[in-house]
2 protein chains.
Amino acid sequence: MPAEIIDGKKISTELRSDITKEISQIRSTHPHFNPKLVIIQIGDRPDSSTYVKMKLKSSEEVGIDGSLLKFDADIKQDDLLAKIDALNKDDSVHGILVQLPLPKHLDEELITNSVKQSKDIDGFSELNLAAIFKKNAVTKFIPCTPKGIMYLLNHEKVQITGKNVVVCGRSDIVGGPLAKLLEKEGGTVTVLHSKSTPEQVKLFCSHADILVSAVGKANFITKDLLKPGVVVIDVGTNFVPDATRKSGRRMCGDVDFQGCSEVASKITPVPGGVGPMTVGMVLHNLLESAKKANGLL
Amino acid sequence: MPAEIIDGKKISTELRSDITKEISQIRSTHPHFNPKLVIIQIGDRPDSSTYVKMKLKSSEEVGIDGSLLKFDADIKQDDLLAKIDALNKDDSVHGILVQLPLPKHLDEELITNSVKQSKDIDGFSELNLAAIFKKNAVTKFIPCTPKGIMYLLNHEKVQITGKNVVVCGRSDIVGGPLAKLLEKEGGTVTVLHSKSTPEQVKLFCSHADILVSAVGKANFITKDLLKPGVVVIDVGTNFVPDATRKSGRRMCGDVDFQGCSEVASKITPVPGGVGPMTVGMVLHNLLESAKKANGLL
């Protein structure tokens with residue numbers, strides 16, 4: 001029996017519809033409720049512009065007041081920090097997103113940490129990350145991709161407690177926090193990374209009940225690695241040549257979707273799996289922040 | 001061939017002797033160099049008093065100026081925070097240890113986080129923990145038990161990159177940070193915890209090249225679980241009945257030392273393994289802090 005496809009696009013659409021409803025419901029009793037997001041973009045990277053546009057469009061659709069603050073690529077660090085500080089102090093703003101990556105003269109860690117914790121809806125600041133890694137700390141904002149994956153697993157009623165979980169990749173915004181979130185849900189988690197040997201990848205994947213790949217390599221996960229019935233979550237965004245497409249290339253994940261679908265019980269496609277959830281979680285975090293600021297949470 | 005015993009007592013004694021030498025060497029050129037530690041103890045728990053005495057005695061031995069600030073168990077939280085704030089601002093103080101656990105009316109997380117990061121030689125504050133969990137962040141102070149274990153493994157020239165590492169236990173001060181430190185050194189790490197099933201414990205232990213147990217259960221790790229040649233690090237401190245002792249009990253770790261010694265390549269005993277390293281690392285962190293404050297690092 002081929003795997004059930006986890007339809008991130010559909011689940012994200014439902015989530016956005018819930019957010020839209022909730023905002024309009026709150027407004028019916030709190031007419032001044034105005035969830036507000038500010039995105040900061042430095043320079044003109046086309047990929048950044050695409051992401052920013054997508055976030056603004058999605059915000060508008062659900063009734064979030066999104067705006068873009070764009071600065072030249074050569075902005076001085078102190079000027080940027082002063083701008084963020086002003087937004088931190090502006091009570092009408094509920095979320096501040098600094099679009100990464102930043103030009104090289106800017107200290108990404110310093111700038112990410114300068115966003116006030118209660119407005120850091122990306123969840124990238126040290127304090128938000130620390131809350132994920134501490135055992136009993138109350139988590140504030142969880143980075144959107146790991147949060148989206150946890151949402152998908154919960155939506156699909158995938159049991160995590162007592163299961164063997166493998167997370168491939170250990171980045172600060174995906175693999176690292178995700179591994180900890182899955183552990184907190186009771187999973188026994190192994191993290192595979194660039195220093196893991198092919199033998200280790202084989203060994204741990206062969207026992208995985210839940211397998212998440214976030215390494216950025218097409219065909220990193222193939223059918224032969226999998227335990228039958230595994231749940232496969234594909235976080236990769238890669239491009240491979242494809243002569244049948246106008247662009248000459250095709251987007252794919254880390255997972256050989258077709259082969260793995262024959263063995264897995266559930267699997268996310270790329271595109272249309274984890275990707276749509278990430279933007280959904282930006283909106284979800286922003287709404288949460290606005291509710292908190294208005295004493296509604 | 002029985003396992004080589006990792007003699008934490010001896011390694012810690014050597015480390016302390018190095019610290020003593022370094023302090024007297026620095027003093028020969030910087031006569032006012034005075035590494036200073038302040039320990040805060042709230043109330044009169046006998047176990048806390050024992051630990052505090054041990055830390056003060058070890059400090060004195062190496063030439064660290066250690067002092068104890070003792071407060072009644074009913075101290076008001078604001079008074080304690082004001083005291084910590086004063087120590088944070090006192091340039092002559094290089095390290096502040098708040099002896100845990102605290103009486104229940106005090107917010108342990110708030111108080112732990114109130115110690116300035118540059119004086120938090122326990123490494124328990126959120127900012128110090130976050131630096132461990134972030135991929136490329138510069139770590140400041142590493143909690144003393146994980147730091148001591150990494151020191152032992154390095155001292156024993158145990159290769160970590162490419163190895164299967166199992167950490168049993170996921171506390172904020174041992175298992176959690178240790179798993180991340182071992183991962184950063186290239187290990188492929190699986191964390192076992194209270195929600196892991198006996199089958200999972202068996203499976204992952206049977207593949208472990210390095211096995212660390214920090215769960216607090218006598219005989220949790222037995223010979224039959226181990227892969228021949230494994231390096232075993234025992235962080236447990238447990239007491240079992242022993243009629244041959246005056247006290248009627250005997251201290252032991254999580255590991256069945258005798259049985260596991262027949263299979264492991266290296267193993268730490270309890271007592272005399274990880275324990276002595278922890279206090280050694282308090283001194284090491286304090287000296288580091290004093291050197292930084294004096295522009296010597």
# chains A, B, ... in the order shown; residues from 1 in each chain; ligands from 1
call {"tool": "residues_around", "arguments": {"residues": "stretch 174-178 of chain B", "least_positions_apart": "6", "cutoff": "9 Å", "atoms": "only C-alpha atoms", "output": "VMD selection string"}}
result
(chain A and resid 133 to 135) or (chain B and resid 129 132 to 133 142 to 147 149 to 150 167 to 168 191 212 to 215 235)
call {"tool": "write_last_selection", "arguments": {"atoms": "C-alpha atoms", "output": "mmCIF file, in the first residue's frame"}}
result
data_model
loop_
_atom_site.group_PDB
_atom_site.id
_atom_site.type_symbol
_atom_site.label_atom_id
_atom_site.label_comp_id
_atom_site.auth_asym_id
_atom_site.auth_seq_id
_atom_site.Cartn_x
_atom_site.Cartn_y
_atom_site.Cartn_z
ATOM 1 C CA PHE A 133 16.270 23.591 25.059
ATOM 2 C CA LYS A 134 15.501 23.910 28.776
ATOM 3 C CA LYS A 135 13.476 21.036 30.137
ATOM 4 C CA LEU B 129 22.787 27.395 27.830
ATOM 5 C CA ILE B 132 25.789 25.665 23.950
ATOM 6 C CA PHE B 133 22.724 24.830 21.899
ATOM 7 C CA ILE B 142 29.749 25.227 30.221
ATOM 8 C CA PRO B 143 28.004 23.580 33.215
ATOM 9 C CA CYS B 144 30.663 21.850 35.308
ATOM 10 C CA THR B 145 29.566 18.206 35.040
ATOM 11 C CA PRO B 146 29.301 18.116 31.214
ATOM 12 C CA LYS B 147 32.506 20.137 31.009
ATOM 13 C CA ILE B 149 33.073 14.723 31.181
ATOM 14 C CA MET B 150 34.343 16.362 27.986
ATOM 15 C CA VAL B 167 23.389 9.805 26.588
ATOM 16 C CA CYS B 168 20.929 8.447 29.156
ATOM 17 C CA VAL B 191 19.326 10.659 23.975
ATOM 18 C CA VAL B 212 27.026 8.122 29.320
ATOM 19 C CA SER B 213 24.505 7.386 32.050
ATOM 20 C CA ALA B 214 23.014 10.197 34.138
ATOM 21 C CA VAL B 215 19.659 8.845 35.239
ATOM 22 C CA VAL B 235 27.365 10.163 36.190
#
call {"tool": "closest_atom_pairs", "arguments": {"of": "chain A", "to": "chain B", "cutoff": "7 Å", "atoms": "only C-alpha atoms", "output": "Markdown table"}}
result
| residue | atom | partner | partner_atom | distance |
| --- | --- | --- | --- | --- |
| A:Glu126 | CA | B:Ala130 | CA | 5.6 |
| A:Leu127 | CA | B:Glu126 | CA | 6.7 |
| A:Leu129 | CA | B:Ala130 | CA | 6.4 |
| A:Ala130 | CA | B:Ala130 | CA | 4.7 |
| A:Lys134 | CA | B:Asp172 | CA | 5.8 |
| A:Lys135 | CA | B:Asp172 | CA | 6.1 |
| A:Thr161 | CA | B:Lys195 | CA | 6.6 |
| A:Gly162 | CA | B:Ser196 | CA | 5.3 |
| A:Ser171 | CA | B:Lys135 | CA | 6.8 |
| A:Asp172 | CA | B:Lys134 | CA | 5.8 |
| A:Gly186 | CA | B:Lys195 | CA | 5.4 |
| A:Thr188 | CA | B:Leu192 | CA | 5.9 |
| A:Val189 | CA | B:Thr190 | CA | 5.6 |
| A:Thr190 | CA | B:Thr190 | CA | 4.2 |
| A:Val191 | CA | B:Val189 | CA | 6.0 |
| A:Leu192 | CA | B:Thr188 | CA | 5.9 |
| A:Lys195 | CA | B:Gly186 | CA | 5.4 |
| A:Ser196 | CA | B:Gly162 | CA | 5.3 |
| A:Thr197 | CA | B:Gly162 | CA | 6.0 |
call {"tool": "write_last_selection", "arguments": {"atoms": "N, CA, C and O atoms", "output": "PDB file, in the first residue's frame"}}
result
ATOM      1  N   GLU A 126      18.260  34.186  21.150  1.00  0.00           N
ATOM      2  CA  GLU A 126      18.833  33.244  22.125  1.00  0.00           C
ATOM      3  C   GLU A 126      17.840  32.873  23.209  1.00  0.00           C
ATOM      4  O   GLU A 126      17.759  31.726  23.621  1.00  0.00           O
ATOM      5  N   LEU A 127      17.091  33.861  23.695  1.00  0.00           N
ATOM      6  CA  LEU A 127      16.173  33.564  24.800  1.00  0.00           C
ATOM      7  C   LEU A 127      15.061  32.620  24.359  1.00  0.00           C
ATOM      8  O   LEU A 127      14.652  31.734  25.106  1.00  0.00           O
ATOM      9  N   LEU A 129      15.300  30.420  21.885  1.00  0.00           N
ATOM     10  CA  LEU A 129      15.911  29.102  21.681  1.00  0.00           C
ATOM     11  C   LEU A 129      16.194  28.422  23.021  1.00  0.00           C
ATOM     12  O   LEU A 129      15.934  27.225  23.189  1.00  0.00           O
ATOM     13  N   ALA A 130      16.696  29.199  23.987  1.00  0.00           N
ATOM     14  CA  ALA A 130      17.022  28.622  25.296  1.00  0.00           C
ATOM     15  C   ALA A 130      15.784  27.986  25.924  1.00  0.00           C
ATOM     16  O   ALA A 130      15.862  26.929  26.543  1.00  0.00           O
ATOM     17  N   LYS A 134      15.622  24.203  27.346  1.00  0.00           N
ATOM     18  CA  LYS A 134      15.501  23.910  28.776  1.00  0.00           C
ATOM     19  C   LYS A 134      14.296  23.006  29.001  1.00  0.00           C
ATOM     20  O   LYS A 134      13.274  23.124  28.337  1.00  0.00           O
ATOM     21  N   LYS A 135      14.450  22.103  29.961  1.00  0.00           N
ATOM     22  CA  LYS A 135      13.476  21.036  30.137  1.00  0.00           C
ATOM     23  C   LYS A 135      12.083  21.558  30.497  1.00  0.00           C
ATOM     24  O   LYS A 135      11.097  21.189  29.900  1.00  0.00           O
ATOM     25  N   THR A 161       5.792   9.571  21.453  1.00  0.00           N
ATOM     26  CA  THR A 161       6.307   8.911  22.664  1.00  0.00           C
ATOM     27  C   THR A 161       6.688   7.464  22.377  1.00  0.00           C
ATOM     28  O   THR A 161       5.912   6.730  21.765  1.00  0.00           O
ATOM     29  N   GLY A 162       7.884   7.107  22.819  1.00  0.00           N
ATOM     30  CA  GLY A 162       8.321   5.719  22.688  1.00  0.00           C
ATOM     31  C   GLY A 162       8.782   5.339  21.295  1.00  0.00           C
ATOM     32  O   GLY A 162       9.130   4.186  21.052  1.00  0.00           O
ATOM     33  N   SER A 171      20.708  22.319  12.111  1.00  0.00           N
ATOM     34  CA  SER A 171      20.753  23.782  12.059  1.00  0.00           C
ATOM     35  C   SER A 171      20.032  24.386  13.255  1.00  0.00           C
ATOM     36  O   SER A 171      19.230  23.729  13.910  1.00  0.00           O
ATOM     37  N   ASP A 172      20.345  25.664  13.514  1.00  0.00           N
ATOM     38  CA  ASP A 172      19.726  26.362  14.652  1.00  0.00           C
ATOM     39  C   ASP A 172      18.250  26.647  14.416  1.00  0.00           C
ATOM     40  O   ASP A 172      17.507  26.865  15.375  1.00  0.00           O
ATOM     41  N   GLY A 186       8.482  12.980  23.899  1.00  0.00           N
ATOM     42  CA  GLY A 186       8.677  11.590  24.299  1.00  0.00           C
ATOM     43  C   GLY A 186       9.409  10.732  23.284  1.00  0.00           C
ATOM     44  O   GLY A 186       9.604   9.532  23.509  1.00  0.00           O
ATOM     45  N   THR A 188      12.534   9.133  21.207  1.00  0.00           N
ATOM     46  CA  THR A 188      13.952   8.848  21.449  1.00  0.00           C
ATOM     47  C   THR A 188      14.672   9.253  20.175  1.00  0.00           C
ATOM     48  O   THR A 188      14.550   8.605  19.143  1.00  0.00           O
ATOM     49  N   VAL A 189      15.392  10.367  20.262  1.00  0.00           N
ATOM     50  CA  VAL A 189      15.843  11.064  19.063  1.00  0.00           C
ATOM     51  C   VAL A 189      17.337  10.872  18.811  1.00  0.00           C
ATOM     52  O   VAL A 189      18.145  11.011  19.730  1.00  0.00           O
ATOM     53  N   THR A 190      17.674  10.556  17.573  1.00  0.00           N
ATOM     54  CA  THR A 190      19.066  10.535  17.128  1.00  0.00           C
ATOM     55  C   THR A 190      19.233  11.624  16.076  1.00  0.00           C
ATOM     56  O   THR A 190      18.417  11.724  15.159  1.00  0.00           O
ATOM     57  N   VAL A 191      20.258  12.445  16.225  1.00  0.00           N
ATOM     58  CA  VAL A 191      20.520  13.501  15.234  1.00  0.00           C
ATOM     59  C   VAL A 191      21.666  13.057  14.332  1.00  0.00           C
ATOM     60  O   VAL A 191      22.770  12.763  14.804  1.00  0.00           O
ATOM     61  N   LEU A 192      21.387  12.985  13.040  1.00  0.00           N
ATOM     62  CA  LEU A 192      22.429  12.696  12.054  1.00  0.00           C
ATOM     63  C   LEU A 192      22.877  14.023  11.438  1.00  0.00           C
ATOM     64  O   LEU A 192      22.077  14.948  11.294  1.00  0.00           O
ATOM     65  N   LYS A 195      28.919  15.001  10.010  1.00  0.00           N
ATOM     66  CA  LYS A 195      30.011  14.152  10.481  1.00  0.00           C
ATOM     67  C   LYS A 195      29.573  12.697  10.684  1.00  0.00           C
ATOM     68  O   LYS A 195      30.386  11.853  11.068  1.00  0.00           O
ATOM     69  N   SER A 196      28.281  12.426  10.476  1.00  0.00           N
ATOM     70  CA  SER A 196      27.816  11.042  10.587  1.00  0.00           C
ATOM     71  C   SER A 196      28.285  10.272   9.351  1.00  0.00           C
ATOM     72  O   SER A 196      28.246  10.792   8.239  1.00  0.00           O
ATOM     73  N   THR A 197      28.703   9.040   9.559  1.00  0.00           N
ATOM     74  CA  THR A 197      29.194   8.238   8.438  1.00  0.00           C
ATOM     75  C   THR A 197      28.009   7.607   7.689  1.00  0.00           C
ATOM     76  O   THR A 197      26.908   7.491   8.241  1.00  0.00           O
TER      77      THR A 197
END
call {"tool": "atom_distance", "arguments": {"atom1": "atom CA of B:Ile26", "atom2": "atom CA of B:Gly8"}}
result
26.5 Å
call {"tool": "residues_around", "arguments": {"residues": "stretch 269-285 of chain B", "least_positions_apart": "6", "cutoff": "6 Å", "atoms": "only C-alpha atoms", "output": "PyMOL selection string"}}
result
chain B and resi 7-9+12+121+144-145+148+252-253
call {"tool": "closest_residue", "arguments": {"among": "B:Leu68, B:Asn34, B:Ala73, B:Leu211", "to": "B:Ala179", "atoms": "only C-alpha atoms"}}
result
B:Leu211
call {"tool": "atom_distance", "arguments": {"atom1": "atom CA of A:Leu87", "atom2": "atom CA of A:Lys119"}}
result
9.2 Å
call {"tool": "select_by_dssp", "arguments": {"residues": "stretch 128-283 of chain B", "states": "helix (DSSP H, G or I)", "output": "PyMOL selection string"}}
result
chain B and resi 128-133+144-155+175-184+198-207+223-225+257-261+274-283
call {"tool": "residues_around", "arguments": {"residues": "A:Ile75", "least_positions_apart": "6", "cutoff": "10 Å", "atoms": "only C-alpha atoms", "output": "list in words"}}
result
Ile42, Gly43, Pro103, His105 and Leu106 of chain A
